[in-house]
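*Asks:* Below is the file data_32.csv, with CSV, C-alpha atoms and all ligand atoms.
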chain,number,residue,atom,x,y,z
A,1,MET,CA,4.5,-2.7,-65.7
A,2,LYS,CA,1.3,-1.1,-64.4
A,3,GLY,CA,-0.4,-4.5,-64.3
A,4,LYS,CA,2.5,-6.1,-62.4
A,5,PHE,CA,2.4,-3.2,-59.9
A,6,SER,CA,-1.3,-3.7,-59.3
A,7,ARG,CA,-0.9,-7.4,-58.8
A,8,ILE,CA,1.9,-6.8,-56.2
A,9,THR,CA,-0.3,-4.1,-54.4
A,10,PHE,CA,-3.2,-6.5,-54.4
A,11,LEU,CA,-1.1,-9.3,-53.0
A,12,VAL,CA,0.4,-7.1,-50.2
A,13,LEU,CA,-3.1,-5.8,-49.3
A,14,SER,CA,-4.5,-9.4,-49.2
A,15,ILE,CA,-1.6,-10.5,-46.9
A,16,CYS,CA,-2.3,-7.5,-44.6
A,17,LEU,CA,-6.0,-8.4,-44.5
A,18,VAL,CA,-5.3,-12.0,-43.5
A,19,ILE,CA,-2.9,-10.9,-40.7
A,20,PHE,CA,-5.3,-8.3,-39.4
A,21,THR,CA,-8.3,-10.7,-39.4
A,22,SER,CA,-6.4,-13.4,-37.6
A,23,ALA,CA,-5.1,-11.0,-35.0
A,24,CYS,CA,-8.7,-9.8,-34.4
A,25,GLY,CA,-9.9,-13.4,-34.1
A,26,LYS,CA,-7.3,-14.2,-31.5
A,27,GLU,CA,-8.2,-11.2,-29.3
A,28,SER,CA,-11.8,-11.9,-29.3
A,29,ALA,CA,-11.3,-15.6,-28.8
A,30,GLY,CA,-10.6,-15.5,-25.1
A,31,THR,CA,-10.6,-13.0,-22.2
A,32,SER,CA,-7.5,-14.5,-20.7
A,33,SER,CA,-5.2,-13.4,-23.5
A,34,GLU,CA,-6.8,-9.9,-23.5
A,35,GLN,CA,-6.3,-9.7,-19.7
A,36,LYS,CA,-2.6,-10.6,-19.9
A,37,GLU,CA,-2.2,-7.5,-22.1
A,38,LYS,CA,-3.8,-5.2,-19.5
A,39,THR,CA,-1.6,-3.2,-17.3
A,40,LEU,CA,-3.1,-2.0,-14.0
A,41,LEU,CA,-1.8,1.2,-12.5
A,42,VAL,CA,-0.9,0.7,-8.8
A,43,GLY,CA,-0.6,3.9,-6.7
A,44,THR,CA,1.4,4.0,-3.5
A,45,ASP,CA,3.0,6.2,-0.9
A,46,ALA,CA,6.6,5.1,-0.8
A,47,VAL,CA,7.6,6.5,2.6
A,48,THR,CA,7.0,3.6,5.0
A,49,PRO,CA,9.7,0.9,5.1
A,50,PRO,CA,9.4,-2.1,5.1
A,51,PHE,CA,6.0,-1.8,3.3
A,52,VAL,CA,6.8,0.6,0.5
A,53,PHE,CA,9.8,2.9,0.1
A,54,MET,CA,12.4,4.1,-2.4
A,55,ASP,CA,15.7,2.2,-2.7
A,56,LYS,CA,18.2,3.5,-5.3
A,57,GLY,CA,15.4,5.1,-7.2
A,58,LYS,CA,13.2,2.0,-7.2
A,59,ILE,CA,9.9,1.6,-5.4
A,60,VAL,CA,10.4,-1.6,-3.2
A,61,GLY,CA,8.9,-3.3,-0.2
A,62,PHE,CA,6.6,-6.0,1.1
A,63,ASP,CA,3.5,-4.3,-0.4
A,64,VAL,CA,5.2,-4.0,-3.8
A,65,ASP,CA,6.1,-7.6,-3.9
A,66,LEU,CA,2.7,-8.7,-2.7
A,67,ILE,CA,0.7,-6.7,-5.2
A,68,SER,CA,3.0,-7.8,-8.0
A,69,ALA,CA,2.4,-11.5,-7.0
A,70,ILE,CA,-1.3,-11.0,-6.7
A,71,LEU,CA,-1.7,-9.2,-10.0
A,72,ASP,CA,0.6,-11.7,-11.7
A,73,GLU,CA,-1.6,-14.5,-10.3
A,74,ALA,CA,-4.8,-12.7,-11.6
A,75,GLY,CA,-3.2,-12.4,-15.0
A,76,TYR,CA,-2.4,-8.7,-15.1
A,77,LYS,CA,0.7,-6.7,-15.7
A,78,SER,CA,1.3,-3.9,-13.3
A,79,LYS,CA,3.0,-0.6,-13.0
A,80,VAL,CA,3.6,0.9,-9.5
A,81,GLU,CA,3.7,4.7,-9.2
A,82,ASN,CA,4.6,6.8,-6.1
A,83,VAL,CA,1.7,9.2,-6.0
A,84,GLY,CA,1.8,10.1,-2.3
A,85,TRP,CA,-0.6,9.5,0.6
A,86,ASP,CA,-3.4,12.1,0.2
A,87,PRO,CA,-3.4,12.0,-3.7
A,88,LEU,CA,-3.6,8.2,-3.6
A,89,PHE,CA,-7.1,8.3,-2.2
A,90,THR,CA,-8.4,10.9,-4.7
A,91,GLN,CA,-6.8,9.1,-7.6
A,92,VAL,CA,-8.3,5.8,-6.6
A,93,GLU,CA,-11.7,7.5,-6.3
A,94,SER,CA,-11.4,9.2,-9.7
A,95,GLY,CA,-10.0,6.0,-11.4
A,96,GLU,CA,-6.7,7.6,-12.3
A,97,VAL,CA,-5.0,4.6,-10.6
A,98,ASP,CA,-6.7,1.2,-10.5
A,99,ILE,CA,-5.4,0.1,-7.1
A,100,GLY,CA,-3.9,1.6,-4.0
A,101,ILE,CA,-1.5,-0.2,-1.7
A,102,THR,CA,0.7,1.2,1.1
A,103,SER,CA,-0.1,-0.3,4.5
A,104,ILE,CA,-3.6,1.1,4.3
A,105,THR,CA,-5.8,0.2,7.3
A,106,ILE,CA,-9.3,-0.9,6.5
A,107,THR,CA,-11.6,1.5,8.4
A,108,ASP,CA,-15.4,1.9,8.5
A,109,ASP,CA,-15.0,5.5,7.5
A,110,ARG,CA,-12.9,4.7,4.5
A,111,LYS,CA,-15.3,1.9,3.5
A,112,GLN,CA,-18.0,4.6,3.0
A,113,THR,CA,-16.1,5.9,0.0
A,114,TYR,CA,-13.9,3.0,-1.1
A,115,ASP,CA,-13.9,-0.8,-1.5
A,116,PHE,CA,-11.1,-2.9,0.1
A,117,ALA,CA,-10.0,-6.3,-0.9
A,118,ASP,CA,-9.7,-8.9,1.9
A,119,PRO,CA,-7.2,-8.1,4.8
A,120,TYR,CA,-3.6,-9.0,4.1
A,121,PHE,CA,-1.7,-7.9,7.2
A,122,GLU,CA,-2.4,-7.3,10.9
A,123,SER,CA,-1.0,-4.1,12.5
A,124,LYS,CA,-1.3,-2.0,15.6
A,125,LEU,CA,-0.3,1.6,16.4
A,126,MET,CA,2.8,2.3,18.4
A,127,ILE,CA,4.3,5.5,20.0
A,128,LEU,CA,7.8,6.5,19.0
A,129,ALA,CA,9.6,8.8,21.5
A,130,LYS,CA,13.1,9.6,22.5
A,131,GLU,CA,15.0,7.3,25.0
A,132,GLY,CA,14.3,8.4,28.5
A,133,THR,CA,10.8,9.7,27.8
A,134,ASP,CA,8.2,9.7,30.5
A,135,ILE,CA,5.5,8.4,28.0
A,136,LYS,CA,4.4,4.9,29.0
A,137,ASN,CA,1.1,4.7,27.1
A,138,ALA,CA,-1.2,6.7,24.8
A,139,MET,CA,-2.9,8.5,27.7
A,140,ASP,CA,0.5,10.1,28.6
A,141,LEU,CA,0.3,11.9,25.2
A,142,LYS,CA,-2.2,14.4,26.6
A,143,GLY,CA,-0.6,17.8,26.8
A,144,LYS,CA,2.3,16.8,24.6
A,145,LYS,CA,3.2,17.8,21.1
A,146,VAL,CA,2.6,14.6,19.0
A,147,GLY,CA,3.3,14.1,15.3
A,148,VAL,CA,1.3,11.9,12.9
A,149,GLN,CA,1.2,11.4,9.1
A,150,ASN,CA,-1.8,13.4,7.9
A,151,ALA,CA,-5.1,11.5,7.7
A,152,THR,CA,-3.7,8.2,9.0
A,153,THR,CA,-5.1,5.9,11.8
A,154,GLY,CA,-2.4,7.4,14.0
A,155,GLN,CA,-4.1,10.8,13.7
A,156,PHE,CA,-7.5,9.3,14.3
A,157,ALA,CA,-6.4,7.5,17.5
A,158,LEU,CA,-4.7,10.6,18.8
A,159,GLU,CA,-7.8,12.7,18.2
A,160,LYS,CA,-9.8,10.2,20.3
A,161,ILE,CA,-7.5,10.9,23.2
A,162,VAL,CA,-6.8,14.6,22.9
A,163,GLY,CA,-9.8,15.8,20.8
A,164,LYS,CA,-10.1,16.8,17.2
A,165,ASN,CA,-8.4,20.0,16.1
A,166,ASN,CA,-6.2,20.0,19.2
A,167,PRO,CA,-3.2,22.2,18.5
A,168,SER,CA,-0.9,19.6,20.1
A,169,ILE,CA,-1.5,17.4,17.1
A,170,PHE,CA,1.2,18.0,14.4
A,171,LYS,CA,0.1,16.6,11.0
A,172,TYR,CA,2.9,15.9,8.5
A,173,GLU,CA,2.5,15.0,4.8
A,174,THR,CA,5.1,12.2,5.1
A,175,LEU,CA,6.2,10.1,8.0
A,176,GLY,CA,9.9,10.9,7.4
A,177,VAL,CA,9.2,14.6,8.2
A,178,ALA,CA,7.5,13.6,11.5
A,179,PHE,CA,10.5,11.4,12.5
A,180,MET,CA,12.8,14.4,11.7
A,181,ALA,CA,10.7,16.7,13.9
A,182,LEU,CA,10.9,14.2,16.7
A,183,LYS,CA,14.7,14.0,16.2
A,184,ASN,CA,15.0,17.8,16.3
A,185,GLY,CA,12.8,18.0,19.5
A,186,ASP,CA,10.0,20.0,17.8
A,187,ILE,CA,7.6,17.3,19.0
A,188,GLU,CA,7.8,14.7,21.8
A,189,ALA,CA,6.3,11.7,20.1
A,190,VAL,CA,5.0,10.2,16.8
A,191,ILE,CA,2.2,7.7,16.5
A,192,THR,CA,2.6,5.2,13.6
A,193,ASP,CA,2.1,1.5,12.7
A,194,ASN,CA,4.1,-0.9,14.8
A,195,THR,CA,6.0,-2.6,12.0
A,196,VAL,CA,7.1,0.8,10.7
A,197,ALA,CA,8.0,2.0,14.2
A,198,ASN,CA,10.1,-1.0,15.0
A,199,GLU,CA,11.8,-0.9,11.6
A,200,TYR,CA,12.8,2.7,12.1
A,201,VAL,CA,14.2,2.0,15.6
A,202,LYS,CA,16.2,-0.9,14.2
A,203,ASN,CA,17.6,1.0,11.3
A,204,ASN,CA,18.4,4.3,13.0
A,205,PRO,CA,20.0,3.4,16.4
A,206,ASN,CA,21.8,6.8,16.5
A,207,ASP,CA,18.4,8.6,16.8
A,208,LYS,CA,17.8,6.9,20.1
A,209,PHE,CA,14.1,6.4,19.7
A,210,VAL,CA,12.0,3.9,21.6
A,211,ALA,CA,8.8,2.2,20.4
A,212,ILE,CA,6.1,2.0,23.0
A,213,SER,CA,3.0,-0.2,22.7
A,214,ASP,CA,-0.4,0.2,24.2
A,215,ASP,CA,-2.8,-2.7,24.0
A,216,VAL,CA,-5.5,-0.9,25.9
A,217,ASN,CA,-5.9,2.2,23.7
A,218,PHE,CA,-4.7,0.8,20.3
A,219,ASP,CA,-6.9,-1.9,18.6
A,220,PRO,CA,-5.7,-4.4,16.0
A,221,GLU,CA,-5.9,-3.0,12.5
A,222,TYR,CA,-5.9,-4.8,9.2
A,223,TYR,CA,-4.3,-3.6,5.9
A,224,GLY,CA,-6.3,-3.9,2.7
A,225,ILE,CA,-5.8,-3.2,-1.0
A,226,LEU,CA,-7.7,0.0,-1.8
A,227,LEU,CA,-10.2,0.0,-4.7
A,228,LYS,CA,-12.7,2.4,-6.3
A,229,LYS,CA,-16.2,1.8,-4.9
A,230,GLY,CA,-17.9,-0.9,-7.0
A,231,SER,CA,-14.6,-1.9,-8.7
A,232,LYS,CA,-14.9,-5.2,-10.6
A,233,LEU,CA,-11.3,-6.1,-9.6
A,234,SER,CA,-12.1,-7.0,-6.0
A,235,GLY,CA,-13.3,-10.6,-6.8
A,236,GLU,CA,-10.2,-11.4,-8.9
A,237,ILE,CA,-7.9,-9.8,-6.3
A,238,ASN,CA,-9.4,-11.7,-3.4
A,239,GLN,CA,-9.1,-14.9,-5.3
A,240,ALA,CA,-5.5,-14.2,-6.3
A,241,LEU,CA,-4.7,-13.1,-2.7
A,242,LYS,CA,-6.1,-16.4,-1.4
A,243,THR,CA,-4.0,-18.4,-3.9
A,244,VAL,CA,-0.7,-16.6,-3.1
A,245,ILE,CA,-1.4,-17.2,0.6
A,246,ASP,CA,-2.3,-20.9,0.1
A,247,ASN,CA,0.6,-21.6,-2.3
A,248,GLY,CA,3.3,-20.2,0.0
A,249,THR,CA,4.2,-17.1,-2.1
A,250,TYR,CA,2.8,-14.8,0.7
A,251,THR,CA,5.0,-16.6,3.3
A,252,LYS,CA,8.1,-16.2,1.0
A,253,ILE,CA,7.5,-12.5,0.5
A,254,TYR,CA,6.8,-12.0,4.3
A,255,GLU,CA,10.0,-13.8,5.3
A,256,LYS,CA,12.0,-11.7,2.8
A,257,TRP,CA,10.9,-8.4,4.3
A,258,PHE,CA,10.4,-9.3,8.0
A,259,GLY,CA,12.9,-12.1,8.6
A,260,ILE,CA,10.2,-14.2,10.3
A,261,SER,CA,7.3,-16.5,9.2
A,262,PRO,CA,3.8,-15.0,9.2
A,263,ASP,CA,0.9,-16.1,11.3
A,264,ILE,CA,-1.4,-16.7,8.4
A,265,GLU,CA,-4.4,-17.4,10.6
A,266,VAL,CA,-4.7,-13.8,11.8
A,267,ILE,CA,-5.5,-12.5,8.3
A,268,LYS,CA,-7.7,-15.5,7.5
A,269,SER,CA,-10.1,-15.1,10.4
A,301,LIG,N1,-2.0,2.2,8.3
A,301,LIG,C1,-2.1,3.6,8.5
A,301,LIG,C2,-3.4,4.1,7.9
A,301,LIG,O1,-3.9,3.4,7.1
A,301,LIG,C3,-0.9,4.3,8.0
A,301,LIG,C4,-0.7,4.3,6.5
A,301,LIG,C5,0.5,5.1,6.1
A,301,LIG,C6,0.8,4.9,4.7
A,301,LIG,N2,2.0,5.7,4.2
A,301,LIG,O2,-3.9,5.1,8.2
Please, can you express the file's structure as structure tokens?

*Replies:*
Amino acid sequence: MKGKFSRITFLVLSICLVIFTSACGKESAGTSSEQKEKTLLVGTDAVTPPFVFMDKGKIVGFDVDLISAILDEAGYKSKVENVGWDPLFTQVESGEVDIGITSITITDDRKQTYDFADPYFESKLMILAKEGTDIKNAMDLKGKKVGVQNATTGQFALEKIVGKNNPSIFKYETLGVAFMALKNGDIEAVITDNTVANEYVKNNPNDKFVAISDDVNFDPEYYGILLKKGSKLSGEINQALKTVIDNGTYTKIYEKWFGISPDIEVIKS
């Protein structure tokens, strides 16, 4: 009886050993199979439709579809988490999240601390105000209470016009709160990205907001995928971004969210 038990134990152990060794062999055989297993954590700020926002408890939008397509192309699984605007920067810097995407403008200042993948979207700031406003351009914002999402290019542009630390600048943690303040009459305008401004006006006709452009004071901006300084992912992401642009996936995602075809050349140049 004892001998039979030992033989069975030996057999079971041998089978386990064979399975274990072959599994190890497979993993070390190629980086691509290892990579497929790896899940990258994507951090975002889900408050800016149509780029990233919450819909029935899910994080959706152009940026979400684009990053999923890019990481899929690069051979990674991905998990998107809504971490918020300010924490996103600290979490990319500390490596808590691998990637940040949420209509983030590539700026020289941010490039000091972070890396960006290649541009994927052209944008420009716009002013949102109530119908009947006397604001015609950014210069008219002087002396008015103006809201921005904290630490965004809208804030930086406004600071150039009215000066840093000017009490007329109202900084909000999320854009939704800034829009609410405009609606309530606490502030007279909001500066935000054109696509976001136009989307808000379209979706909220009862608020009676108008979106005002200013090609003199607002320069073109380009969105980029935010990475930790020195991240090894940038090469793979740029390659995958190029592929999804060239194979038409980018166009499909763009048409889904914006209802028009993209001008690919603006992000290629
Ligand atoms: N594109 C602007 C910036 O990078 C606004 C981003 C807002 C993201 N929730 O500053």

*Asks:* Work out how far atom CA of Leu227 of chain A is from atom CA of Asp115 of chain A, in Å to one decimal.

*Replies:*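 Separation of atom CA of Asp115 of chain A and atom CA of Leu227 of chain A: 5.0 Å.
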
*Asks:* Would you kindly return, as a ChimeraX atom specification, each protein, DNA or RNA residue with an atom no farther than 12 Å from any atom of Leu241 of chain A, considering only C-alpha atoms and excluding same-chain residues fewer than 2 positions away?

*Replies:* /A:66-74,117-121,224-225,233-239,243-251,267-268

*Asks:* Residues contacting ligand LIG 301 (chain A) - anything with an atom at most 9 Å away, using only C-alpha atoms and all ligand atoms - can you give me those as JSON, numbers by chain?

*Replies:* {"A": [44, 45, 46, 47, 48, 51, 52, 84, 85, 101, 102, 103, 104, 105, 106, 107, 123, 124, 125, 149, 150, 151, 152, 153, 154, 155, 156, 174, 175, 192, 193, 221, 222, 223, 224]}

*Asks:* Find, counting all atoms listed in the file, the residue in A:Val216, A:Ala178, A:Val42, A:Ala138 that gets nearest to Phe89 of chain A.

*Replies:* A:Val42

*Asks:* A:Ala157, A:Val92, A:Leu128, A:Ile59: which is nearest Val210 of chain A, counting only C-alpha atoms?

*Replies:*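 Residue with the minimum atom-to-atom distance to Val210 of chain A: A:Leu128.
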
*Asks:* Return the single residue from A:Val266, A:Gly132, A:Trp257, A:Glu173 that is closest to Lys208 of chain A, with distances computed using all atoms listed in the file.

*Replies:*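 Going through A:Val266, A:Gly132, A:Trp257, A:Glu173 one by one, the smallest distance to Lys208 of chain A is for A:Gly132.
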
*Asks:* Between atom CA of Asn203 of chain A and atom CA of Pro50 of chain A, what is the distance, to one decimal in Å?

*Replies:* 10.7 Å
